[in-house]
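So this one's model_10.txt, compact mmCIF, C-alpha atoms:
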```
# COMPACT_ATOMS: atom_id res chain seq x y z
CA MET U 17 -16.05 -31.04 16.37
CA SER U 18 -14.75 -28.29 18.59
CA GLU U 19 -16.43 -25.76 16.36
CA LEU U 20 -19.76 -27.48 16.84
CA ARG U 21 -19.11 -27.51 20.56
CA GLN U 22 -18.52 -23.76 20.47
CA LEU U 23 -21.76 -23.21 18.58
CA GLN U 24 -23.65 -25.29 21.11
CA ASP U 25 -22.12 -23.39 24.00
CA ARG U 26 -23.09 -20.08 22.40
CA PHE U 27 -26.62 -21.32 21.81
CA ALA U 28 -26.97 -22.55 25.39
CA ALA U 29 -25.51 -19.37 26.87
CA ALA U 30 -27.92 -17.21 24.87
CA LEU U 31 -30.80 -19.43 25.93
CA LEU U 32 -30.04 -19.04 29.62
CA ALA U 33 -29.00 -15.38 29.63
CA PRO U 34 -31.78 -12.86 30.26
CA GLY U 35 -32.68 -11.38 26.89
CA GLY U 36 -29.91 -13.46 25.35
CA ASP U 37 -29.49 -13.46 21.60
CA PRO U 38 -27.62 -16.20 19.74
CA GLY U 39 -26.38 -13.47 17.40
CA GLY U 40 -26.24 -14.66 13.81
CA LEU U 41 -26.05 -18.37 14.57
CA PHE U 42 -28.76 -19.08 12.03
CA ARG U 43 -29.43 -17.98 8.52
CA GLY U 44 -32.58 -16.01 7.81
CA ALA U 45 -34.27 -12.75 8.66
CA PRO U 46 -33.07 -11.63 12.11
CA ASP U 47 -36.54 -10.83 13.46
CA LEU U 48 -37.82 -14.24 12.40
CA MET U 49 -34.81 -15.88 14.05
CA ALA U 50 -35.44 -13.93 17.24
CA ARG U 51 -39.06 -15.10 17.28
CA ARG U 52 -38.07 -18.72 16.78
CA PHE U 53 -35.43 -18.49 19.43
CA ALA U 54 -38.07 -17.14 21.81
CA LEU U 55 -40.25 -20.15 20.96
CA TYR U 56 -37.41 -22.49 21.74
CA ARG U 57 -36.81 -20.77 25.05
CA GLY U 58 -40.55 -20.89 25.72
CA ASN U 59 -40.48 -24.67 25.34
CA LEU U 60 -37.54 -24.97 27.66
CA THR U 61 -39.02 -22.86 30.44
CA ALA U 62 -42.48 -24.42 30.03
CA ASN U 63 -40.92 -27.86 30.50
CA TRP U 64 -39.06 -26.64 33.57
CA GLU U 65 -42.27 -25.27 35.00
CA ARG U 66 -44.23 -28.45 34.32
CA ALA U 67 -41.53 -30.63 35.80
CA LEU U 68 -41.36 -28.50 38.97
CA ALA U 69 -45.15 -28.25 39.27
CA ASN U 70 -45.38 -32.04 39.06
CA ALA U 71 -43.08 -32.39 42.06
CA TYR U 72 -44.16 -29.33 44.07
CA PRO U 73 -47.94 -28.84 43.88
CA VAL U 74 -48.17 -27.29 47.35
CA ILE U 75 -45.29 -24.86 46.81
CA ARG U 76 -46.98 -23.81 43.59
CA THR U 77 -50.24 -23.06 45.39
CA LEU U 78 -48.39 -21.31 48.18
CA VAL U 79 -46.56 -18.85 45.97
CA GLY U 80 -49.09 -18.62 43.14
CA GLU U 81 -48.84 -19.57 39.49
CA GLU U 82 -47.19 -16.43 38.26
CA PHE U 83 -44.48 -16.46 40.89
CA PHE U 84 -43.96 -20.17 40.41
CA ARG U 85 -43.38 -19.72 36.69
CA ALA U 86 -40.72 -17.12 37.38
CA LEU U 87 -39.26 -19.28 40.13
CA ALA U 88 -38.98 -22.22 37.72
CA ARG U 89 -37.06 -20.03 35.32
CA GLU U 90 -34.70 -18.68 37.97
CA TYR U 91 -34.15 -22.18 39.30
CA GLY U 92 -33.55 -23.68 35.85
CA ARG U 93 -30.96 -21.05 35.16
CA ALA U 94 -29.22 -21.45 38.51
CA VAL U 95 -29.30 -25.26 38.47
CA PRO U 96 -28.69 -26.49 34.92
CA LEU U 97 -30.03 -29.95 34.12
CA ALA U 98 -27.41 -32.57 34.89
CA GLU U 99 -29.43 -35.47 33.48
CA GLY U 100 -32.11 -36.08 30.90
CA ASP U 101 -34.81 -37.16 33.32
CA LEU U 102 -37.03 -34.15 34.04
CA ASN U 103 -38.53 -35.99 37.00
CA ARG U 104 -35.19 -35.37 38.72
CA PHE U 105 -35.09 -31.71 37.72
CA GLY U 106 -36.34 -30.29 41.01
CA HIS U 107 -34.10 -32.21 43.38
CA LEU U 108 -32.17 -29.10 44.50
CA LEU U 109 -35.11 -26.73 44.91
CA ALA U 110 -35.10 -26.73 48.74
CA GLY U 111 -31.49 -25.53 48.89
CA PHE U 112 -32.19 -22.99 46.15
CA LEU U 113 -35.17 -21.57 48.08
CA GLU U 114 -33.02 -21.19 51.18
CA ASN U 115 -30.86 -18.67 49.36
CA PHE U 116 -33.55 -17.03 47.29
CA PRO U 117 -34.28 -13.55 48.72
CA PRO U 118 -37.80 -13.18 47.26
CA VAL U 119 -39.10 -15.95 49.54
CA SER U 120 -37.22 -14.99 52.69
CA ASP U 121 -40.53 -13.90 54.27
CA TYR U 122 -41.71 -17.50 54.04
CA PRO U 123 -39.08 -19.46 55.95
CA TYR U 124 -41.12 -22.67 55.86
CA LEU U 125 -40.84 -22.98 52.08
CA PRO U 126 -37.49 -24.84 51.95
CA ASP U 127 -38.75 -27.50 54.38
CA MET U 128 -42.03 -27.69 52.49
CA ALA U 129 -39.96 -28.33 49.38
CA ARG U 130 -38.03 -31.09 51.18
CA LEU U 131 -41.28 -32.74 52.17
CA GLU U 132 -42.71 -32.53 48.68
CA TRP U 133 -39.51 -33.81 47.14
CA GLY U 134 -39.59 -36.77 49.50
CA LEU U 135 -43.12 -37.61 48.34
CA HIS U 136 -42.14 -37.09 44.72
CA GLN U 137 -39.11 -39.32 44.85
CA ALA U 138 -41.09 -41.95 46.82
CA HIS U 139 -43.42 -42.11 43.85
CA TYR U 140 -40.63 -42.94 41.43
CA ALA U 141 -38.34 -45.05 43.64
CA LEU U 142 -37.54 -48.59 42.58
CA ASP U 143 -39.78 -51.35 43.87
CA THR U 144 -37.11 -53.19 45.84
CA PRO U 145 -38.02 -55.78 48.51
CA ILE U 146 -38.91 -54.53 51.97
CA LEU U 147 -37.88 -55.92 55.34
CA THR U 148 -40.48 -58.27 56.82
CA PRO U 149 -41.24 -58.98 60.49
CA GLN U 150 -40.38 -62.66 59.93
CA THR U 151 -36.83 -61.78 58.98
CA LEU U 152 -36.40 -59.72 62.13
CA ALA U 153 -38.09 -62.29 64.35
CA ALA U 154 -35.71 -64.99 63.12
CA LEU U 155 -32.67 -63.02 64.23
CA GLY U 156 -33.20 -63.22 67.97
CA ILE U 157 -32.11 -60.56 70.42
CA GLU U 158 -28.41 -60.74 69.66
CA GLY U 159 -29.00 -60.65 65.94
CA LEU U 160 -31.26 -57.62 66.27
CA ASP U 161 -28.77 -55.81 68.47
CA GLY U 162 -26.00 -55.80 65.89
CA LEU U 163 -28.23 -55.48 62.84
CA ARG U 164 -27.57 -52.58 60.52
CA LEU U 165 -30.66 -51.64 58.56
CA ALA U 166 -31.11 -49.18 55.74
CA LEU U 167 -34.15 -47.11 54.86
CA HIS U 168 -35.99 -48.28 51.78
CA GLY U 169 -35.30 -46.22 48.66
CA ALA U 170 -38.80 -44.75 48.74
CA CYS U 171 -38.36 -43.46 52.29
CA THR U 172 -37.18 -40.09 53.54
CA LEU U 173 -37.06 -38.60 57.02
CA VAL U 174 -38.56 -35.15 57.39
CA GLU U 175 -38.01 -32.81 60.31
CA SER U 176 -38.88 -29.14 60.35
CA PRO U 177 -39.45 -26.42 62.93
CA TRP U 178 -42.50 -25.50 60.80
CA ASP U 179 -45.82 -27.26 60.55
CA VAL U 180 -45.20 -28.42 57.00
CA LEU U 181 -47.45 -31.44 57.55
CA GLY U 182 -50.32 -29.14 58.48
CA ILE U 183 -49.63 -26.85 55.52
CA ARG U 184 -49.73 -29.84 53.20
CA GLU U 185 -53.02 -31.03 54.67
CA ALA U 186 -54.49 -27.56 54.28
CA HIS U 187 -53.76 -27.83 50.56
CA ALA U 188 -55.13 -31.35 50.17
CA PRO U 189 -58.45 -31.91 48.36
CA THR U 190 -60.03 -32.74 51.73
CA GLY U 191 -59.41 -29.13 52.69
CA ALA U 192 -58.16 -29.28 56.27
CA PRO U 193 -58.12 -25.90 58.04
CA TRP U 194 -55.01 -23.73 57.92
CA PRO U 195 -52.53 -24.48 60.70
CA ALA U 196 -53.23 -22.07 63.54
CA ASP U 197 -49.56 -21.90 64.44
CA LEU U 198 -47.00 -22.45 61.71
CA ALA U 199 -44.10 -22.61 64.14
CA ARG U 200 -44.85 -26.18 65.18
CA THR U 201 -42.33 -28.95 64.77
CA SER U 202 -43.03 -31.55 62.09
CA ARG U 203 -41.53 -35.02 62.12
CA ALA U 204 -42.49 -37.66 59.61
CA LEU U 205 -41.40 -40.64 57.60
CA VAL U 206 -42.18 -40.44 53.91
CA CYS U 207 -42.89 -43.96 52.69
CA ARG U 208 -44.71 -45.84 49.97
CA PRO U 209 -46.66 -48.81 51.23
CA ARG U 210 -48.88 -50.36 48.57
CA TRP U 211 -47.70 -48.04 45.79
CA ARG U 212 -48.84 -44.80 47.30
CA ALA U 213 -46.55 -42.16 48.74
CA GLU U 214 -47.62 -41.55 52.32
CA LEU U 215 -46.56 -39.79 55.49
CA VAL U 216 -46.22 -41.47 58.85
CA PRO U 217 -45.97 -38.89 61.66
CA LEU U 218 -43.13 -39.60 64.08
CA THR U 219 -42.43 -38.76 67.69
CA ALA U 220 -39.06 -37.25 68.61
CA GLY U 221 -37.88 -40.64 69.86
CA GLU U 222 -38.97 -42.44 66.71
CA LEU U 223 -37.23 -39.93 64.53
CA ALA U 224 -34.05 -40.32 66.59
CA VAL U 225 -34.09 -44.09 66.03
CA LEU U 226 -34.70 -43.86 62.30
CA ARG U 227 -32.07 -41.17 61.90
CA ALA U 228 -29.50 -43.28 63.77
CA ILE U 229 -30.34 -46.28 61.57
CA ASP U 230 -30.07 -44.10 58.49
CA GLN U 231 -26.62 -43.02 59.66
CA GLY U 232 -25.48 -46.62 59.90
CA GLU U 233 -25.87 -47.33 63.61
CA THR U 234 -26.84 -50.81 64.72
CA LEU U 235 -30.46 -51.40 65.69
CA GLY U 236 -29.49 -51.79 69.36
CA GLU U 237 -27.64 -48.48 69.38
CA ALA U 238 -30.42 -46.75 67.44
CA LEU U 239 -33.12 -47.95 69.85
CA GLU U 240 -31.09 -46.70 72.77
CA GLN U 241 -30.67 -43.29 71.16
CA GLY U 242 -34.42 -43.15 70.63
CA CYS U 243 -34.97 -43.89 74.28
CA ASP U 244 -32.49 -41.17 75.26
CA ALA U 245 -34.26 -38.65 73.03
CA ASP U 246 -37.70 -39.57 74.34
CA PRO U 247 -38.20 -41.74 77.44
CA ASP U 248 -41.68 -42.62 76.17
CA PHE U 249 -40.30 -44.22 73.02
CA ASP U 250 -41.89 -47.65 72.65
CA PRO U 251 -40.44 -50.07 70.12
CA ALA U 252 -43.48 -52.32 70.45
CA GLN U 253 -45.56 -49.49 68.94
CA ALA U 254 -43.04 -48.16 66.51
CA LEU U 255 -41.59 -51.25 64.84
CA PRO U 256 -44.86 -52.72 63.57
CA ARG U 257 -45.86 -49.31 62.19
CA TRP U 258 -42.53 -48.89 60.40
CA LEU U 259 -42.51 -52.40 58.98
CA GLY U 260 -46.10 -51.94 57.82
CA ALA U 261 -45.00 -48.76 56.07
CA GLY U 262 -42.18 -50.61 54.28
CA ALA U 263 -39.59 -48.43 55.97
CA PHE U 264 -36.55 -50.65 55.51
CA LYS U 265 -34.75 -52.49 52.76
CA SER U 266 -34.79 -56.24 53.11
CA VAL U 267 -31.58 -57.70 54.49
CA PRO U 268 -29.82 -60.63 52.80
CA ASN U 269 -30.77 -64.05 54.17
CA SER U 270 -27.18 -64.90 54.91
CA GLN U 271 -25.74 -64.55 58.39
CA PRO U 272 -26.51 -61.00 59.55
CA HIS U 273 -23.74 -58.65 60.42
CA ARG U 274 -23.00 -59.24 64.09
CA GLU U 275 -20.88 -57.71 66.73
CA PRO U 276 -20.48 -58.80 70.33
CA PRO U 277 -23.26 -57.01 72.19
CA HIS U 278 -22.23 -53.87 74.03
CA GLU U 279 -18.63 -54.04 72.86
CA ARG U 280 -18.45 -51.87 69.83
CA ASP U 281 -15.18 -50.56 68.50
CA ALA U 282 -14.86 -47.00 67.36
CA SER U 283 -14.36 -47.84 63.72
CA SER U 284 -18.08 -47.66 62.83
CA MET X 11 -31.32 -56.61 81.95
CA THR X 12 -29.95 -53.41 80.52
CA LYS X 13 -32.14 -50.78 78.91
CA ARG X 14 -30.93 -51.94 75.54
CA ASP X 15 -31.88 -55.53 76.25
CA LEU X 16 -35.35 -54.42 77.27
CA LEU X 17 -35.78 -52.41 74.08
CA LEU X 18 -34.59 -55.32 71.96
CA ALA X 19 -36.83 -57.78 73.78
CA ALA X 20 -39.84 -55.54 73.18
CA THR X 21 -38.85 -55.24 69.52
CA LEU X 22 -38.53 -58.98 69.11
CA ALA X 23 -41.86 -59.63 70.79
CA ALA X 24 -43.58 -57.06 68.59
CA VAL X 25 -42.21 -58.34 65.28
CA ALA X 26 -42.79 -61.98 66.24
CA THR X 27 -46.50 -61.34 66.81
CA MET X 28 -46.84 -59.45 63.51
CA GLY X 29 -46.50 -62.75 61.69
CA GLY X 30 -47.39 -62.94 58.04
CA ASN X 31 -49.96 -60.17 58.04
CA LEU X 32 -47.60 -57.68 56.52
CA ALA X 33 -46.62 -59.78 53.53
CA GLN X 34 -50.24 -60.59 52.79
CA ALA X 35 -51.30 -56.98 53.04
CA ALA X 36 -48.51 -55.87 50.76
CA GLU X 37 -49.40 -58.48 48.15
CA ALA X 38 -53.08 -57.64 48.29
CA GLY X 39 -52.23 -53.98 47.77
CA LYS X 40 -50.49 -54.71 44.50
CA ASP X 41 -53.83 -55.40 42.86
CA LYS X 42 -55.26 -52.06 43.84
CA CYS X 43 -52.96 -49.68 42.10
CA TYR X 44 -55.28 -48.14 39.50
CA GLY X 45 -55.52 -44.43 39.13
CA ILE X 46 -52.55 -43.47 41.21
CA ALA X 47 -50.06 -42.81 38.44
CA LYS X 48 -48.49 -39.40 38.61
CA ALA X 49 -48.20 -37.41 35.42
CA GLY X 50 -44.86 -37.96 33.77
CA ALA X 51 -43.09 -34.69 33.34
CA ASN X 52 -41.10 -36.06 30.46
CA ASP X 53 -44.15 -36.39 28.24
CA CYS X 54 -43.88 -34.04 25.37
CA ALA X 55 -46.54 -34.68 22.75
CA ASN X 56 -50.18 -34.26 23.71
CA ALA X 57 -52.70 -37.01 23.11
CA THR X 58 -54.34 -35.44 20.09
CA GLY X 59 -51.06 -34.69 18.42
CA THR X 60 -52.01 -31.12 17.67
CA HIS X 61 -48.65 -30.03 18.89
CA SER X 62 -45.65 -32.01 19.81
CA CYS X 63 -44.32 -30.18 22.82
CA ALA X 64 -45.82 -28.81 25.97
CA GLY X 65 -44.63 -25.28 25.50
CA GLN X 66 -44.76 -25.12 21.75
CA ASN X 67 -47.26 -22.32 21.56
CA LYS X 68 -45.48 -20.19 24.14
CA THR X 69 -42.86 -17.72 23.25
CA ASP X 70 -40.53 -16.46 25.90
CA ASN X 71 -38.55 -13.33 25.36
CA ASP X 72 -37.27 -13.70 28.86
CA ALA X 73 -37.55 -10.26 30.32
CA ASN X 74 -34.99 -9.87 33.04
CA GLU X 75 -37.31 -8.32 35.59
CA TRP X 76 -40.15 -10.11 37.26
CA LYS X 77 -42.21 -9.15 40.21
CA TYR X 78 -41.12 -10.67 43.46
CA VAL X 79 -44.64 -10.93 44.77
CA ALA X 80 -46.01 -14.24 45.88
CA LYS X 81 -49.74 -14.15 45.20
CA GLY X 82 -50.55 -17.62 46.45
CA THR X 83 -51.79 -18.92 49.74
CA CYS X 84 -48.57 -17.87 51.49
CA GLU X 85 -50.12 -14.43 51.78
CA GLY X 86 -53.00 -15.76 53.81
CA MET X 87 -50.69 -17.55 56.21
CA GLY X 88 -47.76 -15.20 55.99
CA GLY X 89 -49.14 -12.55 58.31
CA LYS X 90 -48.79 -14.82 61.29
CA LEU X 91 -45.18 -15.35 60.48
CA THR X 92 -43.57 -11.97 60.38
CA ALA X 93 -42.26 -12.09 63.93
CA ALA X 94 -40.94 -15.62 63.64
CA ALA X 95 -39.38 -14.96 60.26
CA LYS X 96 -36.97 -12.37 61.59
CA LYS X 97 -34.52 -14.75 63.12
```
Serialized structure, structure tokens:
Amino acid sequence: MSELRQLQDRFAAALLAPGGDPGGLFRGAPDLMARRFALYRGNLTANWERALANAYPVIRTLVGEEFFRALAREYGRAVPLAEGDLNRFGHLLAGFLENFPPVSDYPYLPDMARLEWGLHQAHYALDTPILTPQTLAALGIEGLDGLRLALHGACTLVESPWDVLGIREAHAPTGAPWPADLARTSRALVCRPRWRAELVPLTAGELAVLRAIDQGETLGEALEQGCDADPDFDPAQALPRWLGAGAFKSVPNSQPHREPPHERDASS
Amino acid sequence: MTKRDLLLAATLAAVATMGGNLAQAAEAGKDKCYGIAKAGANDCANATGTHSCAGQNKTDNDANEWKYVAKGTCEGMGGKLTAAAKK
């Protein structure tokens, strides 16, 4: 067993090393073995590239096919697959791009990757029940105040100092114009109402509320933080839009988690 | 009323008037989900079966050097960025 393990390790190391050679692992003419090994590596990197391209169509257009192919290879080497599902392969690309010198001239790329990953994972997230207005309405003011919500599994919050929303639109089939100024803040909720991954643009106040909820604050506390971040924040506008977007997980029908209003202990 | 009470009251009023529209809309949407499937990256064989894996006809001798030149649309937008990029 341990000998097999050693062989596998040698094979994998040769596969990932630049110009790596498994060195006599297989019987047969050496040049034929080298060609077959190159085929095997070709399959591996082609699968990496396809998996990344599936999740990051805009990044691919931004950097070009050739660069993207090389990027997929560098990424695959730096971040070995931890699971068999190739749809999860690209989940660390944003962090990788942040520390990847060849793209340092394009500082919006990591956030663009975050946005695209949000849309990608929204597409594959489980179809779990969403929170309905009726559930909230039944809670009354006190119930709402102490309610702790969670974002639905398909939802991600996106915030960037770059106009990643505009960049994405410029690459959409509808062909919106290029953003005139890339240094424009983007705030959005990635969601998946009616089976389609979508983006709901957010104001600073709305983002503050959703972020507080995502961090486990009660709804009352989160709303107040939103109001502090943006005096124009209006829950009467925001809540219906969020619920319509399927932003939250449904809460159990049992008695909601309650705390005495305005008397929160520090343990949360 | 405190600020928080006002916010919560506005929230309650908004969700109470939403009624059942949301649930109906969500259900109706479930019928209209054709043509939105994303390609599965785990697919290996092609439909005609001429080869069994995506990269089967590609060899890769994995040269160590590759050109660090992004030839995509970044170039078109990148020019506007140079000042901002130098943080």
Residues within 9 Å of U:Gly111, only C-alpha atoms, excluding chain neighbours under 4 positions, as number ranges by chain: U: 115-116, 126, 129-130
Atom-to-atom span, atom CA of U:Asp25 and atom CA of U:Gly106, Å: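 Computing the Euclidean distance for atom CA of U:Asp25 and atom CA of U:Gly106 yields 23.2 Å.
Omitting X:Lys13 and its sequence neighbours fewer than 5 positions away, and counting all atoms listed in the file, the residues within 9 Å are Glu240 and Cys243 of chain U; Leu18 of chain X.
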Suppose you want the space between atom CA of U:Ala220 and atom CA of U:Gln241; what is it in Å? 10.6 Å
Would you pick out the contacts of X:Val25 at 9 Å or less, using all atoms listed in the file, so that residues sharing its chain but fewer than 4 positions from it are not included, and give the list as a list in words? Thr148, Pro149, Gln150, Thr151, Leu152, Ala153, Ala252, Leu255, Pro256 and Leu259 of chain U; Ala20, Thr21 and Gly29 of chain X
Considering all atoms listed in the file, return as an NGL selection string whatever protein or nucleic-acid residues lie within 9 Å of U:Glu82, sequence-local ones (same chain, fewer than 3 positions apart) excluded. (:U and (79 or 85-87)) or (:X and (79-82))
Could you check the closest approach to chain U for each of X:Thr27, X:Lys48, X:Glu85, X:Thr69 and tell me which residue wins, using all atoms listed in the file? X:Thr69
To one decimal place, how far is atom CA of U:Pro189 from atom CA of U:His136 in Å?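 So the two atoms, atom CA of U:Pro189 and atom CA of U:His136, lie 17.5 Å apart.
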